[in-house]
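S.K.: I have a structure here, written as structure tokens, and I will follow up with some questions on it.
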Amino acid sequence: MGTREQHRKKADRNQAFIDEIRDSKFTEWIAIAVFYKAVHVIEEMLAVSGSHATSHRQRQAILKAKYPEILRPFRTLYNFALVSRYQFRPVKTAQVEMLFHALERLEQLAKLEIEEGSYSG
């Protein structure tokens, strides 16, 4: 179980990797990196409240119960990462842009929860 700061550092490191590969042809790695950045953004948010998820399933259950608006973009990112890792389907350029939008939305909602406590689900 990491601290808020540890998850922030990992999210930032994932973002640095994303920035390096953003315009590459390796779209499956973009999908995977974007998903893992989202994992650390969510874990950072959960750490603020003293919570932590030990699996993707548990993380989704917490999001469903407490943060359903955050669950929507998270599921999108999760599904694309899953397909990229195990089903060998390519991620199209237009889909990559959609993933970036989903990550941006997830980050906005998590930031509200972390910094302002104003997100109510």
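Residue numbering restarts at 1 for every chain of the structure tokens, chains are lettered A, B, ... in their displayed order, and ligands are numbered from 1 as they appear.
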Within 10 Å of range 58-62 of chain A, counting only C-alpha atoms, which residues qualify if same-chain residues fewer than 3 places away don't, as a ChimeraX atom specification?
M.R.: /A:39,42-43,46,51-55,65-68,70-72,74-75,78
S.K.: Considering only C-alpha atoms, can you say which of A:Ala16, A:Ala11, A:Ile30, A:Ile114 comes closest to Thr93 in chain A?
M.R.: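 Of the candidates, the smallest distance to Thr93 in chain A is held by A:Ile30.
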S.K.: Can you pull out the residues contacting Val41 in chain A? Cut-off 10 Å, using only C-alpha atoms, and skip same-chain residues under 6 positions away; I want them as a PyMOL selection string.
M.R.: chain A and resi 4+7-12+35+47+103+106-107+110-111+114
S.K.: Please provide the set of residues having any atom within 12 Å of Asp19 in chain A, restricted to only C-alpha atoms, with same-chain residues fewer than 6 positions apart removed, written as a list in words.
M.R.: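 The neighbour list is Asp12, Arg13, Trp29, Ile30, Ala33, Val34, Lys37 and Phe100 of chain A.
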S.K.: For the residues in the current selection, export C-alpha atoms as a short mmCIF file (atom, residue, chain, number, x, y, z; two decimals), in the first residue's frame.
M.R.:
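The result, written out as again_25.cif:
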data_model
loop_
_atom_site.label_atom_id
_atom_site.label_comp_id
_atom_site.auth_asym_id
_atom_site.auth_seq_id
_atom_site.Cartn_x
_atom_site.Cartn_y
_atom_site.Cartn_z
CA ASP A 12 3.97 11.35 -12.95
CA ARG A 13 6.50 8.73 -14.06
CA TRP A 29 1.66 0.42 -24.99
CA ILE A 30 0.01 3.82 -24.90
CA ALA A 33 0.55 3.16 -19.80
CA VAL A 34 -2.53 5.40 -19.72
CA LYS A 37 -1.38 6.12 -14.77
CA PHE A 100 -6.45 10.48 -23.48
#
S.K.: Work out how far apart CA of Phe80 in chain A and CA of Ile32 in chain A are and give it in Å to one decimal.
M.R.: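 Going from CA of Phe80 in chain A over to CA of Ile32 in chain A covers 7.6 Å.
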